[in-house]
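Structure first, commentary second.
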Protein chains: 2
Amino acid sequence: MATYEAVTKSFSELSITHTTVTHTVVTDNKTWTNQLVTVAPPNITYHVTKTLVLKPKTAKTGPVTPVVVVALEETETPLAPLGKKLGFKEPRFANEELLQEVFGVNKDSVSPFALAHVKDLTHVHLVVDSALLAIPADHHIAFHPSAADKTSFISVAHLRAFFTHVRKDFIEVDFKALASEVGAPAPAKAEGSKKEATKKEDAVIEGAAQIGIEVRKELDFPKWYQQVLTKSEMLEYYDVSGCYILRPWAYNIWKEITAFFDAEIMELGVEDAYFPMFVSSKVLEREKDHIEGFAPEVAWVTKAGQSDLEEPVALRPTSETVMYPYFAKWIRSHRDLPLKLNQWCNVVRWEFKHPQPFLRTREFLWQEGHTAHLTKPEADVEVRQILSLYAQVYEDLLAVPVVQGVKSEKEKFAGGLYTTTVEGFIPTTGRGIQAGTSHCLGQNFSKMFNIVVEDPNAPANTTEEEAKKLFVWQNSWGLSTRAIGIMVMVHGDDKGLVLPPRVATIQAIVIPCGLTVKTTEEEKRKVEEVVNEVVKRLKKAGVKAKADLRENYTPGYKFNHWELRGVPLRLEIGPQDLKKSQVTSVRRDTGARSTIPLADVESSVPASLTTIQADMYARAKKQQVESIRRVDRWEDFVPALDEKKLVLIPWCDRGDCEENIKERSARSGTEGEEQDEKAPAMGAKSLCCPFDQPTENPIVPGVTKCVACGQDAKHHMLFGRSY
Amino acid sequence: MATYEAVTKSFSELSITHTTVTHTVVTDNKTWTNQLVTVAPPNITYHVTKTLVLKPKTAKTGPVTPVVVVALEETETPLAPLGKKLGFKEPRFANEELLQEVFGVNKDSVSPFALAHVKDLTHVHLVVDSALLAIPADHHIAFHPSAADKTSFISVAHLRAFFTHVRKDFIEVDFKALASEVGAPAPAKAEGSKKEATKKEDAVIEGAAQIGIEVRKELDFPKWYQQVLTKSEMLEYYDVSGCYILRPWAYNIWKEITAFFDAEIMELGVEDAYFPMFVSSKVLEREKDHIEGFAPEVAWVTKAGQSDLEEPVALRPTSETVMYPYFAKWIRSHRDLPLKLNQWCNVVRWEFKHPQPFLRTREFLWQEGHTAHLTKPEADVEVRQILSLYAQVYEDLLAVPVVQGVKSEKEKFAGGLYTTTVEGFIPTTGRGIQAGTSHCLGQNFSKMFNIVVEDPNAPANTTEEEAKKLFVWQNSWGLSTRAIGIMVMVHGDDKGLVLPPRVATIQAIVIPCGLTVKTTEEEKRKVEEVVNEVVKRLKKAGVKAKADLRENYTPGYKFNHWELRGVPLRLEIGPQDLKKSQVTSVRRDTGARSTIPLADVESSVPASLTTIQADMYARAKKQQVESIRRVDRWEDFVPALDEKKLVLIPWCDRGDCEENIKERSARSGTEGEEQDEKAPAMGAKSLCCPFDQPTENPIVPGVTKCVACGQDAKHHMLFGRSY
């Protein structure tokens with residue numbers, strides 16, 4: 001019992017007293033949370049929790065089997081899926097009677113420590129949120145123990161010790177995975193539409209105010225995505241189909257990306273230019289393979305004012321054929337090489353498929369780089385330099401992990417030699433997404449457009465005609481506003497957007513709190529003064545900080561407002577904070593609260609932002625790594641996809657085989673149920689051949705066989721359902 | 001004779017010896033100039049000169065009347081216009097015989113001081129370039145006196161004393177004005193086309209290499225403009241009419257403008273966004289006055305791939321009607337005001353008039369700001385804040401003076417309340433040009449699009465329906481890439497582009513000089529090392545510096561190359577400079593040379609750039625001020641226009657009168673000769689009512705009459721032929 005005593009001791013040592021808070025076990029703990037801020041010990045990072053007591057349906061004659069669920073406050077804990085997973089029948093919240101009878105507490109005093117009061121623990125189940133157990137060792141967890149005017153702070157180690165003591169076989173549940181299992185397509189049964197309806201209902205977040213997100217990310221992803229984008233004021237739907245308005249909250253992210261990337265390519269000697277958006281059909285159609293790839297989506301201007309144009313002009317879908325006639329003119333000698341141009345512009349691809357904000361739109365913003373080199377090795381080097389910058393945009397700025405690799409012949413850029421790509425991954429749908437591409441065009445376009453130089457190394461006796469035959473090596477590379485969509489999908493949660501600090505327009509929102517009708521004008525003025533002061537100091541320290549001093553809005557409203565918009569850090573300042581010369585900070589990504597001495601904001605806040613950025617990446621990276629499954633038998637291929645994984649397989653690198661994989665993986669599973677090409681049941685495409693090939697069980701030439709067709713495998717290839 | 005002796009003395013004191021340079025009086029003195037650099041005394045600023053001896057045609061029996069022309073090296077001195085102006089018949093260069101006979105010098109030793117050798121000065125004319133006499137008192141002027149291995153440095157004061165001594169009635173000629181007089185339209189005579197041909201011939205710059213500008217700015221302005229833009233690599237003509245490629249050299253200027261302006265408007269609380277380029281016809285046509293202004297130029301997309309669109313969509317000519325339906329949606333309360341959005345984008349106006357790069361193009365880049373305010377005073381303030389920023393873009397960044405004022409009813413923005421404008425001026429053509437506009441739209445659009453808020457000051461008993469009736473006050477404002485064209489037209493010269501330092505991609509080009517076949521490898525290496533070192537130090541000091549170390553190109557070629565591209569400052573470093581621990585700097589705008597101690601480049605070069613920027617503005621400002629003529633009688637109106645002036649007149653502010661002025665000023669002068677609407681003979685439009693109204697002879701209400709129609713004048717209005 002030593003362990004238990006230790007826990008009890010540490011628990012009472014750390015427990016603090018505060019105003020009694022009346023709440024039910026199902027509230028979101030907001031009032032309590034807000035109070036805690038003003039009383040929490042300084043310099044600790046803490047996470048708030050909730051404790052639910054459930055009562056599954058049991059035979060009237062049998063014993064009641066209460067279930068105690070201990071979870072992080074922000075963890076979604078839907079009852080039905082939990083019951084289904086653990087075999088509890090129709091779990092409901094326990095009534096007051098049961099709480100008193102079994103735990104000896106009222107509904108305002110439920111905490112895990114109430115388990116210590118239970119005489120017979122045989123029939124009581126303990127379920128613990130795995131996210132709670134994953135909290136770093138130096139953080140604290142806040143509980144309401146046995147009385148509503150006390151809160152305990154306890155470490156994870158102590159908590160685990162306590163749980164082990166009371167119920168060694170406590171059940172750890174990954175609620176996030178649970179939700180996604182529920183959200184996953186049902187096995188093939190002829191009840192699709194009914195299931196879909198149930199799923200949609202489950203998706204509804206109870207009591208979510210209209211300003212907040214009304215559906216769960218894991219359960220109705222398309223609607224969640226739409227709501228996050230519009231309610232966070234990133235995006236507005238527009239009256240021309242497939243077109244969207246990028247509002248400042250989104251456009252600022254694009255500005256951060258352009259500022260970073262533009263500065264980097266300038267260092268590489270690239271120069272920015274601007275070419276016309278209009279392309280004559282003659283020029284557009286010059287390169288056959290290329291235009292075949294784009295023709296069905298090209299928009300044509302045929303009229304100006306009341307007059308028909310003599311010849312229709314196209315709107316650029318990309319600018320290879322716009323630029324290269326001029327490359328031919330400007331490049332007169334090997335001394336003009338390398339020529340490296342880039343432009344930031346809009347392009348138009350009039351897709352007839354279902355449009356999706358950021359991911360598939362008829363007009364979008366991007367940068368397109370176009371360069372010409374004397375030799376292939378030079379071009380090759382640049383292809384990878386640029387790809388690495390794209391990876392940096394995703395990983396360093398957007399905190400989104402990507403896989404770098406080469407596209408298959410089938411998936412490469414129309415008319416190019418080879419395409420390298422950064423591939424993103426959307427865990428919620430289990431689908432890959434092409435996030436940016438850097439193409440080596442080889443000499444294909446230079447031959448079409450006659451971009452030639454004399455060979456500087458030609459023997460002296462070469463005639464000019466002979467020497468002229470050196471076609472330049474070209475690259476093109478593009479990154480678009482799609483990046484913003486990917487970022488939203490990866491990081492957003494049920495409360496809305498979660499922005500990585502590096503691209504957030506506002507990194508820290510400072511909100512006056514704890515002002516009640518009893519607060520004096522003087523106190524209020526003082527709080528607001530400090531709020532303004534802190535913002536000023538933070539700005540000076542390079543933090544994008546803002547005060548929310550709006551009248552007529554409660555702190556709670558403001559919390560929701562900025563959480564919805566994904567502001568990485570919230571700083572709360574109230575009269576109690578002032579007394580302790582501290583501010584309370586709350587992380588958007590984890591919900592973790594901590595207090596910061598007022599004197600330290602210049603160092604603490606930037607440090608927190610750095611931590612948030614790193615943690616967001618680390619979490620997404622962990623999820624991505626766990627979602628790439630190595631598959632050695634075809635039998636495991638489709639099941640892995642159905643589990644929302646990407647698969648890495650030894651592959652023969654043949655177009656036939658790729659087609660075949662797509663067909664075979666599409667036929668499986670929920671055939672017929674999902675009509676949209678983009679639904680999970682669609683066939684898997686090759687995503688890329690990762691540069692980082694597995695070192696464990698590598699391909700043995702002539703021995704390792706292609707998982708799909710059994711021919712000799714050339715390398716490991718990443719396949720997946722994709723956008 | 002005291003004065004003369006003083007001159008001779010000072011001249012010999014300062015004269016220095018250098019390697020003999022053989023040249024003719026008509027060379028451009030390049031070799032000499034290059035030599036000078038290495039021998040000039042440190043810390044003096046000097047201007048190099050040329051001395052021409054001409055022999056006009058005279059009666060065989062009469063005396064020869066030689067003309068000595070002393071001018072700055074960079075001053076263009078065309079013989080025919082000079083002869084015409086001064087009444088010298090067919091002036092040619094004097095031959096060696098005449099030089100020896102009259103001046104006692106050979107062709108390599110001509111200098112103004114040769115005049116001292118002339119026995120009888122009666123028949124010798126002395127013509128002095130007014131630009132030379134305008135040189136600041138503390139600068140020096142460099143001459144070749146009587147022997148080719150000597151150069152004198154002399155002050156303007158001394159030179160003037162000498163000239164007055166030898167020929168008190170020496171003739172001061174403003175060669176720039178001379179060239180422009182020749183370039184001005186001929187008085188109405190039925191020989192237009194022949195004159196035009198002669199003019200074009202005069203315009204050709206003799207011996208201009210193909211890489212340089214081949215025509216004089218003052219004589220064939222359109223061709224000059226085209227050549228400057230293309231040869232400086234700012235712009236390339238494109239195969240879709242009315243569209244042009246902005247190459248990096250131009251696009252970088254746009255980047256400088258955007259960086260400045262975007263930062264400034266962020267300070268004003270404006271946020272950047274991006275709205276779609278496509279507009280449905282329904283929305284586009286919502287505001288009738290507005291669309292009437294744009295309809296004839298709207299481009300329509302009617303087809304995508306092979307399919308006709310159900311409904312054609314327009315490409316935005318401007319975004320009022322694109323944005324305002326969403327303003328109506330987003331603005332729900334006075335708390336949402338002011339709403340201030342801006343976007344950087346391309347717009348399309350399919351003009352059928354003669355296109356001109358930067359000034360009139362079918363697609364162009366701009367920013368468009370759109371804001372909504374609760375009250376008119378707030379909107380008014382912002383209109384002027386923005387206009388002031390536009391003035392800063394022109395005056396501070398591009399060194400181009402503008403006049404700020406209000407447009408007439410006829411010239412204001414279609415559908416708006418009033419339009420403020422910054423008006424530029426192109427001295428070479430004498431035409432005004434609208435350089436940027438900031439509109440108050442009033443409540444016109446808010447009424448069309450129903451953008452309303454409740455009146456926050458409404459009495460408590462107001463019903464919601466009544467209170468809802470407050471239509472917001474809106475502004476829109478735009479600045480486009482036209483700014484670049486204006487800058488080129490104002491500052492460029494016969495050598496090409498002249499860039500103000502603040503927007504120059506390269507502010508200082510550093511060129512190794514004085515390396516000959518005799519230079520040792522060690523010396524050469526040392527020079528290049530210092531060149532690189534200087535560039536590195538300058539970059540560290542915030543100067544955009546670049547070394548031109550290209551092999552196989554002479555310094556002269558490089559000088560031309562960078563002069564053509566307008567680089568503000570050239571730094572030359574040769575073995576002689578190293579010996580003296582100095583670099584030689586040459587200003588692009590004035591051609592002035594000076595030497596800088598090598599140790600001082602970090603302070604001297606930025607200081608020079610600041611001076612250049614200020615001087616370029618001051619020169620352009622002086623020219624602008626001199627080109628605005630106050631006119632009190634209609635009889636003086638058209639003659640002033642014909643002298644390439646803008647006219648400021650007391651005006652009645654009536655549309656009828658404005659129409660009338662346009663017609664009457666178009667009918668005059670060279671009627672029939674010039675077909676293009678843009679030719680100088682076109683009618684004058686009102687440009688603006690300047691905010692800065694004259695304080696001398698102001699309008700006396702009821703007394704001062706309109707110059708054009710005799711009705712009561714309301715204010716002074718600026719009229720002019722314009723772009």
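Chains: A, B, ... in order of the structure tokens. Residues: from 1 per chain. Ligands: from 1, in order shown.
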Restrict the calculation to only C-alpha atoms, then for each residue of chain B with any atom at most 7 Å from an atom of chain A give the closest atom pair and their distance in Å to one decimal, rows by chain and rising residue number, as a Markdown table.
```
| residue | atom | partner | partner_atom | distance |
| --- | --- | --- | --- | --- |
| B:Val240 | CA | A:Ser280 | CA | 6.6 |
| B:Cys243 | CA | A:Pro276 | CA | 6.2 |
| B:Tyr244 | CA | A:Pro276 | CA | 6.5 |
| B:Ile245 | CA | A:Phe275 | CA | 4.7 |
| B:Leu246 | CA | A:Tyr274 | CA | 5.0 |
| B:Arg247 | CA | A:Ala273 | CA | 4.9 |
| B:Pro248 | CA | A:Ala273 | CA | 4.7 |
| B:Tyr251 | CA | A:Ala273 | CA | 5.5 |
| B:Glu271 | CA | A:Pro248 | CA | 5.9 |
| B:Asp272 | CA | A:Pro248 | CA | 5.4 |
| B:Ala273 | CA | A:Pro248 | CA | 4.7 |
| B:Tyr274 | CA | A:Leu246 | CA | 5.0 |
| B:Phe275 | CA | A:Ile245 | CA | 4.7 |
| B:Pro276 | CA | A:Cys243 | CA | 6.2 |
| B:Ser280 | CA | A:Val240 | CA | 6.6 |
| B:Ala295 | CA | A:Gly305 | CA | 5.7 |
| B:Pro296 | CA | A:Gly305 | CA | 4.1 |
| B:Glu297 | CA | A:Gly305 | CA | 5.2 |
| B:Val298 | CA | A:Gly305 | CA | 5.1 |
| B:Ala299 | CA | A:Ala304 | CA | 4.2 |
| B:Trp300 | CA | A:Lys303 | CA | 5.2 |
| B:Val301 | CA | A:Val301 | CA | 4.2 |
| B:Thr302 | CA | A:Val301 | CA | 6.3 |
| B:Lys303 | CA | A:Trp300 | CA | 5.1 |
| B:Ala304 | CA | A:Ala299 | CA | 4.2 |
| B:Gly305 | CA | A:Pro296 | CA | 4.1 |
| B:Gln306 | CA | A:Pro296 | CA | 6.8 |
| B:Trp350 | CA | A:Ala304 | CA | 6.3 |
```
Residue subset to file, keeping C-alpha atoms, as an mmCIF file, in the first residue's frame:
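Dumped everything to again-v7.cif:
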```
data_model
loop_
_atom_site.group_PDB
_atom_site.id
_atom_site.type_symbol
_atom_site.label_atom_id
_atom_site.label_comp_id
_atom_site.auth_asym_id
_atom_site.auth_seq_id
_atom_site.Cartn_x
_atom_site.Cartn_y
_atom_site.Cartn_z
ATOM 1 C CA VAL B 240 -0.870 38.147 -77.713
ATOM 2 C CA CYS B 243 0.244 41.814 -73.374
ATOM 3 C CA TYR B 244 3.855 42.106 -72.321
ATOM 4 C CA ILE B 245 6.307 40.081 -70.304
ATOM 5 C CA LEU B 246 7.635 41.800 -67.196
ATOM 6 C CA ARG B 247 11.196 40.582 -66.931
ATOM 7 C CA PRO B 248 12.984 40.538 -63.579
ATOM 8 C CA TYR B 251 9.336 43.048 -61.857
ATOM 9 C CA GLU B 271 -5.629 43.211 -44.625
ATOM 10 C CA ASP B 272 -4.685 41.374 -47.800
ATOM 11 C CA ALA B 273 -7.083 38.895 -49.344
ATOM 12 C CA TYR B 274 -7.648 37.254 -52.703
ATOM 13 C CA PHE B 275 -10.938 37.187 -54.573
ATOM 14 C CA PRO B 276 -11.567 35.112 -57.694
ATOM 15 C CA SER B 280 -20.646 36.122 -63.206
ATOM 16 C CA ALA B 295 -18.379 46.851 -70.310
ATOM 17 C CA PRO B 296 -16.719 47.491 -73.679
ATOM 18 C CA GLU B 297 -13.420 46.173 -72.340
ATOM 19 C CA VAL B 298 -14.591 43.122 -70.448
ATOM 20 C CA ALA B 299 -13.145 39.791 -71.602
ATOM 21 C CA TRP B 300 -15.433 36.759 -71.438
ATOM 22 C CA VAL B 301 -14.646 33.098 -70.917
ATOM 23 C CA THR B 302 -17.210 31.077 -72.812
ATOM 24 C CA LYS B 303 -15.521 27.716 -73.238
ATOM 25 C CA ALA B 304 -13.601 25.182 -71.177
ATOM 26 C CA GLY B 305 -11.870 22.332 -72.942
ATOM 27 C CA GLN B 306 -14.314 21.404 -75.680
ATOM 28 C CA TRP B 350 -9.421 44.342 -73.289
#
```
Item to check | Contacts of Lys622 (chain A) at 10 Å (only C-alpha atoms; same-chain gap of 5+ positions) as a PyMOL selection string | outcome: chain A and resi 401+617+627
For the selection you just gave me, I'd like the residues written to a file as an mmCIF file, in the first residue's frame, keeping all heavy atoms.
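Output below, filename selection_12.cif:
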```
data_model
loop_
_atom_site.group_PDB
_atom_site.id
_atom_site.type_symbol
_atom_site.label_atom_id
_atom_site.label_comp_id
_atom_site.auth_asym_id
_atom_site.auth_seq_id
_atom_site.Cartn_x
_atom_site.Cartn_y
_atom_site.Cartn_z
ATOM 1 N N PRO A 401 4.354 16.841 -42.002
ATOM 2 C CA PRO A 401 5.402 15.972 -42.551
ATOM 3 C C PRO A 401 5.078 15.557 -43.982
ATOM 4 O O PRO A 401 3.906 15.406 -44.334
ATOM 5 C CB PRO A 401 5.374 14.747 -41.635
ATOM 6 C CG PRO A 401 3.978 14.724 -41.099
ATOM 7 C CD PRO A 401 3.524 16.149 -41.013
ATOM 8 N N TYR A 617 4.511 19.412 -35.189
ATOM 9 C CA TYR A 617 5.171 18.613 -36.218
ATOM 10 C C TYR A 617 5.389 17.188 -35.731
ATOM 11 O O TYR A 617 5.108 16.223 -36.445
ATOM 12 C CB TYR A 617 6.502 19.247 -36.637
ATOM 13 C CG TYR A 617 7.224 18.371 -37.629
ATOM 14 C CD1 TYR A 617 6.764 18.285 -38.945
ATOM 15 C CD2 TYR A 617 8.311 17.596 -37.247
ATOM 16 C CE1 TYR A 617 7.388 17.452 -39.861
ATOM 17 C CE2 TYR A 617 8.938 16.758 -38.157
ATOM 18 C CZ TYR A 617 8.473 16.686 -39.466
ATOM 19 O OH TYR A 617 9.083 15.857 -40.359
ATOM 20 N N SER A 627 1.239 5.537 -40.072
ATOM 21 C CA SER A 627 0.224 5.289 -41.105
ATOM 22 C C SER A 627 0.820 4.782 -42.410
ATOM 23 O O SER A 627 0.116 4.593 -43.383
ATOM 24 C CB SER A 627 -0.566 6.562 -41.368
ATOM 25 O OG SER A 627 -1.215 6.970 -40.191
#
```
Next on the checklist: Taking only region 345-521 of chain B into account, list the residues labelled strand (DSSP E) by DSSP (computed from the backbone), as a ChimeraX atom specification.
Outcome noted: /B:345-348,363-373,403-406,418-426,431-442,452-453,470-471,473-480,508-512
Checklist entry - Could you name the residues that touch His117 (chain A) at 8 Å or less, counting only C-alpha atoms, but leaving out those on the same chain fewer than 6 positions away, as a ChimeraX atom specification? => result /A:102-104
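By only C-alpha atoms, and with residues fewer than 4 positions from Pro500 (chain B) along its chain excluded, the set lying at most 7 Å from it is Leu398, Ala399, Ala504, Pro568 and Gln613 of chain B.
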Same residues, N, CA and C atoms, output as an mmCIF file, in the first residue's frame:
```cif
data_model
loop_
_atom_site.group_PDB
_atom_site.id
_atom_site.type_symbol
_atom_site.label_atom_id
_atom_site.label_comp_id
_atom_site.auth_asym_id
_atom_site.auth_seq_id
_atom_site.Cartn_x
_atom_site.Cartn_y
_atom_site.Cartn_z
ATOM 1 N N LEU B 398 10.141 56.317 -56.643
ATOM 2 C CA LEU B 398 10.446 56.426 -58.072
ATOM 3 C C LEU B 398 11.030 57.787 -58.447
ATOM 4 N N ALA B 399 11.135 58.705 -57.476
ATOM 5 C CA ALA B 399 11.689 60.043 -57.722
ATOM 6 C C ALA B 399 10.911 60.774 -58.816
ATOM 7 N N ALA B 504 16.193 50.252 -57.456
ATOM 8 C CA ALA B 504 17.107 49.554 -58.361
ATOM 9 C C ALA B 504 17.479 48.187 -57.798
ATOM 10 N N PRO B 568 22.349 52.945 -60.775
ATOM 11 C CA PRO B 568 22.600 54.314 -60.311
ATOM 12 C C PRO B 568 24.072 54.694 -60.160
ATOM 13 N N GLN B 613 19.261 59.825 -55.426
ATOM 14 C CA GLN B 613 17.804 59.754 -55.290
ATOM 15 C C GLN B 613 17.223 61.166 -55.159
#
```
Checklist entry - Near Arg654 (chain A), within 10 Å and counting only C-alpha atoms, which residues show up once chain neighbours fewer than 2 positions away are dropped, as a PyMOL selection string? => result chain A and resi 408-410+651-652+656-660+706+709+711+713-714
How would the residues just picked look written out with N, CA and C atoms as a CSV table (one decimal), in the first residue's frame?
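And here's part-v1.csv as it stands now:
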```csv
chain,number,residue,atom,x,y,z
A,408,SER,N,5.8,7.9,-60.4
A,408,SER,CA,5.9,6.9,-61.5
A,408,SER,C,5.8,7.5,-62.8
A,409,GLU,N,6.1,6.8,-63.9
A,409,GLU,CA,5.9,7.2,-65.2
A,409,GLU,C,4.5,7.7,-65.5
A,410,LYS,N,3.5,7.0,-64.9
A,410,LYS,CA,2.1,7.3,-65.2
A,410,LYS,C,1.7,8.6,-64.5
A,651,TRP,N,8.0,-3.1,-55.6
A,651,TRP,CA,7.2,-2.9,-56.8
A,651,TRP,C,8.1,-3.0,-58.0
A,652,CYS,N,7.4,-3.5,-59.1
A,652,CYS,CA,8.1,-3.8,-60.3
A,652,CYS,C,8.3,-2.5,-61.2
A,656,ASP,N,1.6,-1.1,-66.4
A,656,ASP,CA,0.5,-2.1,-66.4
A,656,ASP,C,0.1,-2.5,-65.0
A,657,CYS,N,1.2,-2.8,-64.3
A,657,CYS,CA,1.0,-3.2,-62.9
A,657,CYS,C,0.3,-2.2,-62.1
A,658,GLU,N,0.7,-0.9,-62.3
A,658,GLU,CA,0.1,0.2,-61.6
A,658,GLU,C,-1.4,0.3,-61.9
A,659,GLU,N,-1.8,0.2,-63.2
A,659,GLU,CA,-3.2,0.2,-63.6
A,659,GLU,C,-4.0,-0.9,-62.8
A,660,ASN,N,-3.3,-2.0,-62.8
A,660,ASN,CA,-3.9,-3.2,-62.2
A,660,ASN,C,-4.1,-3.0,-60.7
A,706,CYS,N,7.6,-8.2,-56.9
A,706,CYS,CA,6.5,-7.2,-56.8
A,706,CYS,C,5.3,-7.7,-56.1
A,709,CYS,N,2.3,-8.1,-58.7
A,709,CYS,CA,2.3,-8.9,-59.9
A,709,CYS,C,3.3,-10.1,-59.9
A,711,GLN,N,6.4,-10.0,-60.5
A,711,GLN,CA,7.7,-9.8,-61.2
A,711,GLN,C,8.8,-9.3,-60.3
A,713,ALA,N,11.0,-7.0,-58.2
A,713,ALA,CA,10.7,-5.7,-57.7
A,713,ALA,C,12.0,-4.8,-57.9
A,714,LYS,N,11.7,-3.6,-58.2
A,714,LYS,CA,12.8,-2.6,-58.5
A,714,LYS,C,13.1,-1.8,-57.2
```
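Across the structure, CA of Glu214 (chain B) and CA of Met489 (chain B) are spaced 16.1 Å apart.
Counting only C-alpha atoms and comparing A:Leu479, A:Arg587, A:Ser152, A:Ala458, the residue that lies closest to Asp262 (chain A) is A:Leu479.
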Checklist entry - Residues at most 12 Å from Lys57 (chain A), counting only C-alpha atoms, excluding those fewer than 3 positions away in the same chain, as a list in words? => result Leu54, Lys60, Thr61, Gly62, Pro63, Val64, Thr65, Pro66, Val67, Gly83, Gly87, Phe88, Lys89, Glu90, Pro91, Arg92, Phe93 and Ala94 of chain A
Give me a file of those residues, with N, CA and C atoms, as a short mmCIF file (atom, residue, chain, number, x, y, z; two decimals), in the first residue's frame.
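In the end it all went to result.cif:
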```cif
data_model
loop_
_atom_site.label_atom_id
_atom_site.label_comp_id
_atom_site.auth_asym_id
_atom_site.auth_seq_id
_atom_site.Cartn_x
_atom_site.Cartn_y
_atom_site.Cartn_z
N LEU A 54 -20.18 6.00 -15.93
CA LEU A 54 -21.22 5.46 -16.83
C LEU A 54 -21.86 4.23 -16.20
N LYS A 60 -31.49 -7.14 -14.90
CA LYS A 60 -32.03 -6.56 -13.67
C LYS A 60 -31.56 -7.31 -12.44
N THR A 61 -31.32 -8.61 -12.62
CA THR A 61 -30.91 -9.41 -11.47
C THR A 61 -29.42 -9.32 -11.19
N GLY A 62 -28.64 -8.98 -12.18
CA GLY A 62 -27.18 -8.94 -12.02
C GLY A 62 -26.72 -7.70 -11.28
N PRO A 63 -25.39 -7.65 -10.97
CA PRO A 63 -24.84 -6.47 -10.30
C PRO A 63 -24.70 -5.29 -11.27
N VAL A 64 -24.75 -4.06 -10.74
CA VAL A 64 -24.44 -2.91 -11.61
C VAL A 64 -22.94 -2.94 -11.86
N THR A 65 -22.58 -2.53 -13.06
CA THR A 65 -21.15 -2.52 -13.43
C THR A 65 -20.73 -1.12 -13.87
N PRO A 66 -20.54 -0.22 -12.93
CA PRO A 66 -20.21 1.16 -13.30
C PRO A 66 -18.87 1.22 -14.04
N VAL A 67 -18.78 2.18 -14.96
CA VAL A 67 -17.53 2.41 -15.71
C VAL A 67 -17.06 3.83 -15.39
N GLY A 83 -18.89 2.03 -25.83
CA GLY A 83 -19.63 0.85 -25.39
C GLY A 83 -19.46 -0.31 -26.36
N GLY A 87 -17.76 -3.61 -25.21
CA GLY A 87 -18.80 -4.58 -24.92
C GLY A 87 -19.75 -4.15 -23.81
N PHE A 88 -19.81 -2.85 -23.53
CA PHE A 88 -20.80 -2.35 -22.57
C PHE A 88 -22.06 -2.03 -23.34
N LYS A 89 -23.17 -2.45 -22.82
CA LYS A 89 -24.43 -2.27 -23.53
C LYS A 89 -25.04 -0.91 -23.20
N GLU A 90 -25.31 -0.14 -24.20
CA GLU A 90 -25.97 1.15 -24.05
C GLU A 90 -25.52 1.95 -22.82
N PRO A 91 -24.29 2.33 -22.78
CA PRO A 91 -23.82 3.07 -21.59
C PRO A 91 -24.50 4.43 -21.50
N ARG A 92 -24.96 4.77 -20.30
CA ARG A 92 -25.53 6.09 -20.01
C ARG A 92 -24.77 6.69 -18.84
N PHE A 93 -24.95 7.99 -18.59
CA PHE A 93 -24.33 8.58 -17.41
C PHE A 93 -25.03 8.06 -16.16
N ALA A 94 -24.23 7.77 -15.17
CA ALA A 94 -24.78 7.26 -13.91
C ALA A 94 -25.60 8.34 -13.21
#
```
Next on the checklist: Using DSSP secondary structure from the backbone, list all helix (DSSP H, G or I) positions within region 236-347 of chain B, as a PyMOL selection string.
Outcome noted: chain B and resi 248-267+281-284+288-297+320-330+334-336
